[in-house]
>>> print(open('structure_5.tsv').read())   # TSV, C-alpha atoms
chain	number	residue	atom	x	y	z
A	1	MET	CA	116.41	111.75	79.07
A	2	SER	CA	117.13	111.59	82.82
A	3	LYS	CA	120.71	111.93	84.00
A	4	GLN	CA	120.21	108.61	85.75
A	5	ALA	CA	119.59	106.96	82.39
A	6	THR	CA	123.26	107.34	81.42
A	7	SER	CA	124.96	106.46	84.72
A	8	GLY	CA	125.72	102.74	84.60
A	9	LEU	CA	123.61	99.70	83.78
A	10	TRP	CA	119.96	99.86	84.67
A	11	ASP	CA	118.53	97.29	87.05
A	12	GLY	CA	115.85	96.24	84.57
A	13	LEU	CA	114.26	97.03	81.25
A	14	PHE	CA	110.96	95.94	79.74
A	15	VAL	CA	110.58	96.38	76.00
A	16	ASP	CA	107.69	95.87	73.58
A	17	CYS	CA	104.97	97.20	75.87
A	18	GLN	CA	102.12	99.70	75.71
A	19	LEU	CA	102.61	102.39	78.33
A	20	ALA	CA	99.83	104.34	79.98
A	21	THR	CA	102.16	106.91	81.54
A	22	LEU	CA	99.52	109.26	83.07
A	23	ALA	CA	102.26	111.85	82.57
A	24	GLY	CA	100.07	114.78	81.57
A	25	GLU	CA	97.42	116.69	83.46
A	26	GLN	CA	94.81	115.00	81.29
A	27	GLY	CA	94.63	111.81	79.28
A	28	LEU	CA	96.38	108.51	79.77
A	29	GLY	CA	99.66	109.40	78.06
A	30	LEU	CA	99.59	106.28	75.89
A	31	VAL	CA	102.85	105.29	74.22
A	32	GLU	CA	102.86	102.39	71.74
A	33	HIS	CA	105.88	100.14	71.10
A	34	ALA	CA	107.38	101.44	74.32
A	35	ALA	CA	109.96	100.52	76.94
A	36	ILE	CA	110.46	101.20	80.63
A	37	GLY	CA	113.76	101.01	82.50
A	38	TRP	CA	114.60	101.48	86.16
A	39	LYS	CA	117.58	101.79	88.48
A	40	ASP	CA	117.82	101.96	92.28
A	41	GLY	CA	114.04	101.81	92.61
A	42	LEU	CA	113.36	104.76	90.30
A	43	ILE	CA	112.25	104.96	86.68
A	44	VAL	CA	115.02	106.14	84.33
A	45	PHE	CA	113.22	105.68	81.01
A	46	ALA	CA	109.55	105.49	79.97
A	47	ASP	CA	109.04	106.23	76.32
A	48	ALA	CA	108.94	104.77	72.83
A	49	MET	CA	111.54	102.10	72.11
A	50	SER	CA	112.78	104.28	69.25
A	51	ALA	CA	113.92	106.82	71.86
A	52	LEU	CA	116.19	104.36	73.73
A	53	PRO	CA	119.72	105.80	73.81
A	54	ASP	CA	121.35	102.45	72.95
A	55	ALA	CA	120.56	98.83	72.22
A	56	PRO	CA	118.55	97.28	75.09
A	57	GLN	CA	121.28	94.78	76.00
A	58	ALA	CA	123.76	97.65	76.37
A	59	LEU	CA	121.49	99.44	78.82
A	60	SER	CA	120.51	96.72	81.28
A	61	ALA	CA	121.73	93.32	82.38
A	62	ARG	CA	118.09	92.27	82.57
A	63	VAL	CA	115.97	92.83	79.49
A	64	GLU	CA	112.52	91.26	79.10
A	65	SER	CA	109.79	91.57	76.53
A	66	ALA	CA	106.30	92.53	77.69
A	67	ARG	CA	104.97	91.02	74.43
A	68	GLY	CA	102.76	93.98	73.67
A	69	ARG	CA	101.02	94.01	77.02
A	70	LEU	CA	99.65	97.09	78.77
A	71	LEU	CA	101.83	98.61	81.48
A	72	THR	CA	100.48	101.20	83.93
A	73	PRO	CA	101.66	102.84	87.14
A	74	GLY	CA	101.12	100.68	90.20
A	75	LEU	CA	97.64	101.14	91.59
A	76	ILE	CA	97.20	103.16	94.79
A	77	ASP	CA	94.42	102.27	97.23
A	78	CYS	CA	94.11	105.55	99.12
A	79	HIS	CA	91.34	104.62	101.60
A	80	THR	CA	91.24	101.31	103.49
A	81	HIS	CA	90.53	99.96	106.97
A	82	LEU	CA	92.51	96.81	106.21
A	83	VAL	CA	93.77	96.08	109.74
A	84	PHE	CA	90.99	94.62	111.90
A	85	GLY	CA	89.94	91.52	113.82
A	86	GLY	CA	87.00	89.25	113.02
A	87	ASP	CA	84.31	90.07	110.47
A	88	ARG	CA	80.73	91.33	110.31
A	89	ALA	CA	79.15	88.87	107.88
A	90	HIS	CA	76.07	88.65	110.10
A	91	GLU	CA	75.43	92.35	109.51
A	92	PHE	CA	75.34	91.68	105.78
A	93	ASP	CA	72.50	89.26	106.50
A	94	LEU	CA	70.74	91.84	108.70
A	95	ARG	CA	70.92	94.48	105.96
A	96	LEU	CA	69.41	92.03	103.49
A	97	GLN	CA	66.54	91.62	105.93
A	98	GLY	CA	65.96	95.36	105.92
A	99	ALA	CA	68.07	96.73	108.77
A	100	SER	CA	69.87	99.99	107.98
A	101	TYR	CA	73.54	100.72	108.64
A	102	GLU	CA	72.53	103.36	111.20
A	103	ALA	CA	70.14	100.98	113.01
A	104	ILE	CA	72.79	98.26	113.23
A	105	ALA	CA	75.33	100.75	114.59
A	106	ARG	CA	72.94	102.17	117.19
A	107	ALA	CA	72.15	98.62	118.38
A	108	GLY	CA	75.80	98.00	119.23
A	109	GLY	CA	76.92	96.53	115.92
A	110	GLY	CA	78.91	98.24	113.26
A	111	ILE	CA	82.23	99.78	114.24
A	112	ALA	CA	81.74	98.86	117.92
A	113	SER	CA	81.56	95.18	117.02
A	114	THR	CA	84.87	95.32	115.18
A	115	VAL	CA	86.46	97.29	118.02
A	116	SER	CA	85.72	94.50	120.50
A	117	GLN	CA	87.14	91.87	118.15
A	118	THR	CA	90.24	93.91	117.31
A	119	ARG	CA	91.09	94.69	120.92
A	120	THR	CA	91.39	90.97	121.75
A	121	LEU	CA	94.25	90.40	119.26
A	122	ASP	CA	97.92	91.07	119.90
A	123	ASP	CA	100.19	92.55	117.22
A	124	ASP	CA	101.14	89.23	115.66
A	125	ALA	CA	97.60	87.88	115.54
A	126	LEU	CA	96.31	91.12	114.06
A	127	LEU	CA	99.05	91.04	111.42
A	128	ALA	CA	98.21	87.44	110.56
A	129	ALA	CA	94.55	88.38	110.13
A	130	SER	CA	95.39	91.38	107.94
A	131	MET	CA	98.06	90.04	105.57
A	132	PRO	CA	95.73	87.94	103.37
A	133	ARG	CA	93.74	91.08	102.63
A	134	ALA	CA	96.88	92.99	101.69
A	135	ARG	CA	98.05	90.16	99.46
A	136	ALA	CA	94.69	90.14	97.65
A	137	LEU	CA	95.03	93.85	96.85
A	138	ILE	CA	98.63	93.42	95.68
A	139	ALA	CA	97.63	90.52	93.43
A	140	ASP	CA	95.26	92.93	91.68
A	141	GLY	CA	97.92	95.58	91.07
A	142	VAL	CA	98.20	97.67	94.25
A	143	THR	CA	101.69	98.97	95.09
A	144	THR	CA	100.77	101.71	97.61
A	145	LEU	CA	98.19	101.24	100.32
A	146	GLU	CA	96.65	103.54	102.91
A	147	ILE	CA	95.56	101.89	106.17
A	148	LYS	CA	93.55	103.63	108.89
A	149	SER	CA	93.35	102.85	112.57
A	150	GLY	CA	89.99	103.40	114.27
A	151	TYR	CA	89.08	99.95	115.57
A	152	GLY	CA	91.02	100.39	118.80
A	153	LEU	CA	89.52	103.61	120.19
A	154	ASP	CA	91.97	103.76	123.06
A	155	LEU	CA	95.61	104.75	122.91
A	156	GLU	CA	97.06	101.28	123.38
A	157	ASN	CA	94.97	99.65	120.68
A	158	GLU	CA	95.17	102.54	118.24
A	159	LEU	CA	98.98	102.42	118.44
A	160	LYS	CA	98.80	98.64	118.01
A	161	MET	CA	96.81	99.06	114.79
A	162	LEU	CA	99.25	101.64	113.44
A	163	ARG	CA	102.23	99.41	114.26
A	164	VAL	CA	100.60	96.50	112.48
A	165	ALA	CA	99.80	98.68	109.48
A	166	ARG	CA	103.48	99.58	109.19
A	167	ARG	CA	104.36	95.88	109.45
A	168	VAL	CA	101.96	95.08	106.61
A	169	GLY	CA	104.15	97.25	104.39
A	170	GLU	CA	107.35	95.64	105.62
A	171	GLU	CA	106.02	92.12	105.12
A	172	SER	CA	104.47	92.75	101.71
A	173	GLY	CA	107.15	94.88	100.06
A	174	ILE	CA	104.82	97.79	99.23
A	175	ASP	CA	104.54	101.27	100.70
A	176	VAL	CA	101.87	101.62	103.40
A	177	ARG	CA	100.69	105.07	104.47
A	178	THR	CA	99.03	105.17	107.87
A	179	THR	CA	96.15	107.34	109.08
A	180	PHE	CA	95.09	107.85	112.70
A	181	LEU	CA	91.30	107.54	112.92
A	182	GLY	CA	90.75	107.74	116.66
A	183	ALA	CA	87.59	109.78	116.01
A	184	HIS	CA	85.89	106.87	114.26
A	185	ALA	CA	83.23	106.09	116.86
A	186	VAL	CA	82.58	106.52	120.58
A	187	PRO	CA	83.90	103.48	122.48
A	188	ALA	CA	81.57	101.70	124.90
A	189	GLU	CA	83.41	103.04	127.94
A	190	PHE	CA	82.57	106.60	126.81
A	191	SER	CA	78.92	105.90	125.97
A	192	GLY	CA	76.93	109.13	126.25
A	193	ARG	CA	80.13	111.17	126.69
A	194	GLN	CA	81.14	112.10	123.17
A	195	ASP	CA	82.84	115.35	124.11
A	196	ALA	CA	84.86	113.64	126.82
A	197	TYR	CA	86.11	111.12	124.27
A	198	ILE	CA	87.07	113.91	121.88
A	199	ASP	CA	88.97	115.50	124.79
A	200	LEU	CA	90.92	112.24	125.10
A	201	VAL	CA	91.59	112.09	121.36
A	202	CYS	CA	92.85	115.67	121.22
A	203	THR	CA	94.83	115.96	124.46
A	204	GLU	CA	96.25	112.45	124.94
A	205	MET	CA	95.88	110.19	121.92
A	206	LEU	CA	96.88	112.59	119.15
A	207	PRO	CA	100.03	113.88	120.90
A	208	ALA	CA	101.14	110.31	121.66
A	209	VAL	CA	100.47	109.20	118.09
A	210	ALA	CA	102.39	112.18	116.72
A	211	LYS	CA	105.31	111.46	119.04
A	212	SER	CA	105.37	107.81	117.94
A	213	GLY	CA	105.78	108.76	114.29
A	214	LEU	CA	103.34	106.00	113.34
A	215	ALA	CA	100.75	108.18	111.55
A	216	ASP	CA	101.09	110.05	108.26
A	217	ALA	CA	97.69	111.77	108.55
A	218	VAL	CA	94.60	112.19	110.75
A	219	ASP	CA	91.02	111.29	109.80
A	220	ALA	CA	87.60	111.52	111.47
A	221	PHE	CA	84.07	110.23	110.85
A	222	CYS	CA	81.91	113.36	110.63
A	223	GLU	CA	78.38	111.97	110.57
A	224	SER	CA	75.18	111.74	112.59
A	225	ILE	CA	76.30	108.35	113.95
A	226	GLY	CA	79.89	109.56	114.29
A	227	PHE	CA	81.01	113.04	115.35
A	228	THR	CA	79.59	116.50	114.84
A	229	PRO	CA	81.32	119.13	112.70
A	230	ALA	CA	82.28	121.00	115.88
A	231	GLN	CA	83.88	117.91	117.39
A	232	THR	CA	85.63	117.14	114.10
A	233	ARG	CA	86.95	120.70	114.00
A	234	ARG	CA	88.56	120.17	117.41
A	235	VAL	CA	90.33	117.05	116.14
A	236	PHE	CA	91.56	118.89	113.05
A	237	GLU	CA	92.80	121.85	115.08
A	238	ALA	CA	94.76	119.48	117.32
A	239	ALA	CA	96.18	117.68	114.29
A	240	ARG	CA	97.20	120.95	112.67
A	241	ALA	CA	98.96	122.05	115.86
A	242	LEU	CA	100.97	118.82	115.72
A	243	GLY	CA	101.85	119.24	112.05
A	244	LEU	CA	99.76	116.32	110.80
A	245	PRO	CA	97.70	116.64	107.58
A	246	VAL	CA	94.02	115.74	107.68
A	247	LYS	CA	91.43	113.93	105.59
A	248	LEU	CA	87.78	113.25	106.34
A	249	HIS	CA	84.97	110.72	106.09
A	250	ALA	CA	82.61	113.36	104.76
A	251	ASP	CA	78.92	113.55	103.91
A	252	GLN	CA	78.38	109.83	103.38
A	253	LEU	CA	74.96	109.54	105.01
A	254	SER	CA	73.93	113.20	105.24
A	255	ASP	CA	75.18	116.67	104.38
A	256	LEU	CA	76.97	118.03	107.44
A	257	GLY	CA	79.28	120.24	105.40
A	258	GLY	CA	82.12	117.73	105.63
A	259	GLY	CA	83.54	118.49	102.20
A	260	ALA	CA	83.88	122.17	103.05
A	261	LEU	CA	85.25	121.37	106.52
A	262	SER	CA	88.03	119.22	105.11
A	263	ALA	CA	88.84	121.92	102.57
A	264	GLU	CA	88.94	124.60	105.29
A	265	PHE	CA	91.82	122.73	106.93
A	266	GLY	CA	93.62	122.11	103.63
A	267	GLY	CA	92.54	118.48	103.79
A	268	LEU	CA	94.26	116.00	101.55
A	269	SER	CA	90.89	114.49	100.74
A	270	ALA	CA	87.19	114.32	101.49
A	271	ASP	CA	86.00	110.73	101.20
A	272	HIS	CA	82.57	109.27	100.33
A	273	ILE	CA	80.90	112.72	99.71
A	274	GLU	CA	77.60	111.31	98.41
A	275	HIS	CA	75.73	114.20	100.05
A	276	THR	CA	78.29	117.00	99.61
A	277	ASN	CA	76.59	120.21	98.48
A	278	PRO	CA	77.75	122.56	95.69
A	279	GLU	CA	79.40	124.93	98.18
A	280	GLY	CA	81.42	122.03	99.51
A	281	VAL	CA	82.54	121.08	96.00
A	282	ARG	CA	83.66	124.63	95.30
A	283	ALA	CA	85.56	124.74	98.60
A	284	MET	CA	87.32	121.48	97.74
A	285	ALA	CA	88.27	122.85	94.33
A	286	ALA	CA	89.74	126.01	95.85
A	287	ALA	CA	91.72	124.07	98.47
A	288	GLY	CA	92.97	121.33	96.13
A	289	THR	CA	91.22	118.70	98.25
A	290	VAL	CA	90.79	115.39	96.43
A	291	ALA	CA	87.37	113.73	96.26
A	292	VAL	CA	87.83	110.05	97.13
A	293	LEU	CA	84.97	107.99	95.71
A	294	LEU	CA	84.15	104.73	97.48
A	295	PRO	CA	81.75	102.72	95.29
A	296	GLY	CA	82.21	99.55	97.35
A	297	ALA	CA	80.39	101.07	100.33
A	298	PHE	CA	77.75	102.58	98.03
A	299	TYR	CA	77.18	99.11	96.56
A	300	ALA	CA	77.22	97.18	99.85
A	301	LEU	CA	74.79	99.59	101.51
A	302	ARG	CA	72.58	99.68	98.41
A	303	ASP	CA	72.77	103.45	98.51
A	304	THR	CA	70.90	105.59	95.99
A	305	GLN	CA	72.46	109.03	96.57
A	306	LEU	CA	75.20	109.45	93.98
A	307	PRO	CA	78.25	111.62	94.66
A	308	PRO	CA	78.10	114.98	92.81
A	309	ILE	CA	80.18	113.76	89.86
A	310	ALA	CA	79.04	116.45	87.42
A	311	GLU	CA	79.89	119.23	89.88
A	312	LEU	CA	83.28	117.68	90.65
A	313	ARG	CA	84.06	117.63	86.93
A	314	GLU	CA	82.77	121.17	86.41
A	315	HIS	CA	85.00	122.60	89.13
A	316	GLY	CA	88.04	120.45	88.34
A	317	VAL	CA	88.15	118.57	91.66
A	318	PRO	CA	90.50	115.57	91.27
A	319	MET	CA	88.61	112.32	91.75
A	320	ALA	CA	90.30	109.31	93.32
A	321	VAL	CA	88.81	105.81	93.62
A	322	ALA	CA	89.49	103.45	96.54
A	323	THR	CA	88.16	100.19	97.98
A	324	ASP	CA	87.24	101.41	101.49
A	325	LEU	CA	88.14	97.84	102.45
A	326	ASN	CA	86.51	97.27	105.83
A	327	PRO	CA	84.61	94.45	107.58
A	328	GLY	CA	81.19	96.06	107.69
A	329	THR	CA	80.28	98.20	104.71
A	330	SER	CA	82.86	97.44	102.02
A	331	PRO	CA	84.50	93.99	102.29
A	332	LEU	CA	86.10	94.66	98.91
A	333	LEU	CA	89.42	92.96	98.11
A	334	SER	CA	89.99	94.33	94.61
A	335	LEU	CA	90.81	97.91	93.64
A	336	ARG	CA	90.25	97.00	90.00
A	337	LEU	CA	86.70	95.94	90.89
A	338	ALA	CA	86.27	99.30	92.62
A	339	MET	CA	87.28	100.89	89.30
A	340	ASN	CA	84.58	98.88	87.53
A	341	MET	CA	82.02	99.93	90.15
A	342	ALA	CA	83.03	103.58	89.81
A	343	CYS	CA	82.34	103.36	86.09
A	344	THR	CA	79.14	101.34	86.35
A	345	LEU	CA	77.56	102.97	89.41
A	346	PHE	CA	79.01	106.51	89.30
A	347	ARG	CA	79.43	106.79	85.51
A	348	LEU	CA	83.13	107.58	85.59
A	349	THR	CA	84.96	106.96	82.33
A	350	PRO	CA	87.65	104.22	82.31
A	351	GLU	CA	90.21	107.01	81.96
A	352	GLU	CA	88.87	108.77	85.08
A	353	ALA	CA	88.90	105.48	86.98
A	354	LEU	CA	92.52	104.78	86.09
A	355	ARG	CA	93.59	108.32	86.96
A	356	GLY	CA	91.59	107.87	90.16
A	357	THR	CA	93.68	104.89	91.22
A	358	THR	CA	97.05	106.32	90.17
A	359	VAL	CA	97.85	110.04	89.95
A	360	ASN	CA	94.79	111.32	91.83
A	361	ALA	CA	95.07	108.63	94.51
A	362	ALA	CA	98.68	109.74	95.03
A	363	LYS	CA	97.44	113.32	95.51
A	364	ALA	CA	94.93	112.08	98.09
A	365	LEU	CA	97.87	110.77	100.13
A	366	GLY	CA	100.04	113.83	99.59
A	367	LEU	CA	102.52	111.88	97.46
A	368	ALA	CA	104.23	113.33	94.38
A	369	ASP	CA	106.69	110.52	93.62
A	370	ARG	CA	104.30	107.93	92.19
A	371	GLY	CA	101.14	107.49	90.15
A	372	ARG	CA	102.89	108.31	86.85
A	373	LEU	CA	105.48	106.62	84.65
A	374	ALA	CA	108.26	109.15	84.12
A	375	PRO	CA	111.97	109.43	84.91
A	376	GLY	CA	112.58	110.09	88.60
A	377	MET	CA	109.30	108.54	89.75
A	378	ARG	CA	109.16	105.38	91.86
A	379	ALA	CA	109.45	102.22	89.78
A	380	ASP	CA	105.98	101.05	90.81
A	381	PHE	CA	104.21	99.53	87.82
A	382	VAL	CA	101.99	96.68	86.69
A	383	ILE	CA	102.16	94.57	83.54
A	384	TRP	CA	98.61	93.58	82.70
A	385	ASN	CA	97.32	90.69	80.66
A	386	ALA	CA	95.36	93.28	78.72
A	387	GLY	CA	95.69	95.23	75.52
A	388	LYS	CA	94.08	98.55	76.39
A	389	PRO	CA	93.37	100.60	79.53
A	390	ALA	CA	89.59	100.17	79.33
A	391	ASP	CA	90.09	96.43	79.87
A	392	LEU	CA	90.98	97.12	83.51
A	393	CYS	CA	87.46	98.44	84.13
A	394	TYR	CA	85.66	96.26	81.61
A	395	TRP	CA	86.46	92.85	83.10
A	396	ILE	CA	84.50	92.11	86.28
A	397	GLY	CA	86.77	90.07	88.53
A	398	GLY	CA	89.48	87.65	87.46
A	399	SER	CA	93.25	88.09	87.56
A	400	LEU	CA	94.60	90.51	84.97
A	401	ALA	CA	97.84	91.52	86.68
A	402	GLU	CA	100.68	89.46	85.26
A	403	ASN	CA	103.55	91.18	87.07
A	404	VAL	CA	103.45	93.73	89.91
A	405	PHE	CA	106.58	95.75	90.68
A	406	ALA	CA	107.23	98.00	93.69
A	407	ARG	CA	110.45	100.04	93.55
A	408	GLY	CA	111.52	97.76	90.72
A	409	ASN	CA	111.06	94.57	92.73
A	410	ALA	CA	108.65	91.93	91.44
A	411	LEU	CA	105.93	91.15	93.96
A	412	ARG	CA	103.93	88.61	92.01
A	413	ARG	CA	104.38	86.64	88.83
A	414	TRP	CA	101.85	84.47	87.05
A	415	PRO	CA	102.68	81.95	84.33
A	416	SER	CA	101.93	83.28	80.85
>>> encode(input="structure_5.tsv", output="structure tokens")
Amino acid sequence: MSKQATSGLWDGLFVDCQLATLAGEQGLGLVEHAAIGWKDGLIVFADAMSALPDAPQALSARVESARGRLLTPGLIDCHTHLVFGGDRAHEFDLRLQGASYEAIARAGGGIASTVSQTRTLDDDALLAASMPRARALIADGVTTLEIKSGYGLDLENELKMLRVARRVGEESGIDVRTTFLGAHAVPAEFSGRQDAYIDLVCTEMLPAVAKSGLADAVDAFCESIGFTPAQTRRVFEAARALGLPVKLHADQLSDLGGGALSAEFGGLSADHIEHTNPEGVRAMAAAGTVAVLLPGAFYALRDTQLPPIAELREHGVPMAVATDLNPGTSPLLSLRLAMNMACTLFRLTPEEALRGTTVNAAKALGLADRGRLAPGMRADFVIWNAGKPADLCYWIGGSLAENVFARGNALRRWPS
């Protein structure tokens, strides 16, 4: 029992629920006939009702029955590009006609198209465009959200994106973690001058971003249509000198050693990793770097190269699952659907998918105060209109989240 559990009335208490606590290193930590109580935004009790220290009405002024429903930690979407202007629906049509992602990008589409649309919007317009996407994720159980920049590609617009990402959190009531992705693509004004643009990122943009306090981490797109490993290394060295942790878009389209490169710098995560080789997996395991699986992009691009799931399991690399919400290659507005895709396309188990969107997703963001239901953790949780954890991956679409709580505050409520 936490000390907090005995110091005054709790702010809220749900009884008669099934808890998936995720409290252990393995398994879902299921507790039947359970209760969860919270105070000052933190969990003070998460256990069987028989372990409550007193009658429910004596513990909290607000006591509600979950009527046997499943309750899990709030979901964590640890890789998104949610803040952007416009869309790229026409590229979806082009891919259906046979054009590849690389061909579209080299013809001036792809990231460059979104950059031009994002640069035209001021802070308020960009926020207005982004909030519906955030609300869709929250409605499906997300209580922590990572948002990357990378559609500005100059200092002014990258800072604008990071400011708007912070405002998304303020407006929505959830926690938003921000990632500076200045090394996402080469902007048109630096065409043919990749190294000069990396100079700008390392010597001007990164120091200004660090000084602003608007970024929690630094990312890069290490790929044949992005930046070379050597250029990525320069970005990571600059980030390390400024005290910012790194993560990496790694080995999505080819094996450039991105998994190992992220691990070399103690990266929080290596994301995509469809082409990561066995040496890269072993390096990630040794460094504690999380593998972030992005089945939405795999699906949208009709990819056939599966991530090395068996090797990740063999070496104990934590696997997270995220939407990769972006306008071009993963316009995915549901983290629960990403869980389904991870099971169906990548053959994850429902347990792995749920751990991948809770405790392992928290690790991918460097967060230790969420992703589990235990005393002292953030009171981020979801009451699902479901009876067992596998239901969250089994149902394809639809609204299963009945109540979503962030720091003990209800974000959404649906009629029963």
>>> residues_around(input="structure_5.tsv", residues="stretch 213-215 of chain A", least_positions_apart="4", cutoff="6 Å", atoms="all atoms listed in the file", output="list in words")
Leu162, Thr178, Thr179 and Phe180 of chain A
>>> atom_distance(input="structure_5.tsv", atom1="atom CA of A:Val142", atom2="atom CA of A:Ala401")
9.8 Å
>>> closest_residue(input="structure_5.tsv", among="A:Pro307, A:Gly408, A:Pro327, A:Gly366", to="A:Phe84", atoms="all atoms listed in the file")
A:Pro327
>>> atom_distance(input="structure_5.tsv", atom1="atom CA of A:Pro207", atom2="atom CA of A:Leu242")
7.2 Å
>>> axis_aligned_box(input="structure_5.tsv", around="stretch 66-81 of chain A", padding_each_side="3 Å", output="JSON")
{"center_x": 98.4, "center_y": 98.3, "center_z": 90.3, "size_x": 21.8, "size_y": 20.5, "size_z": 39.3}
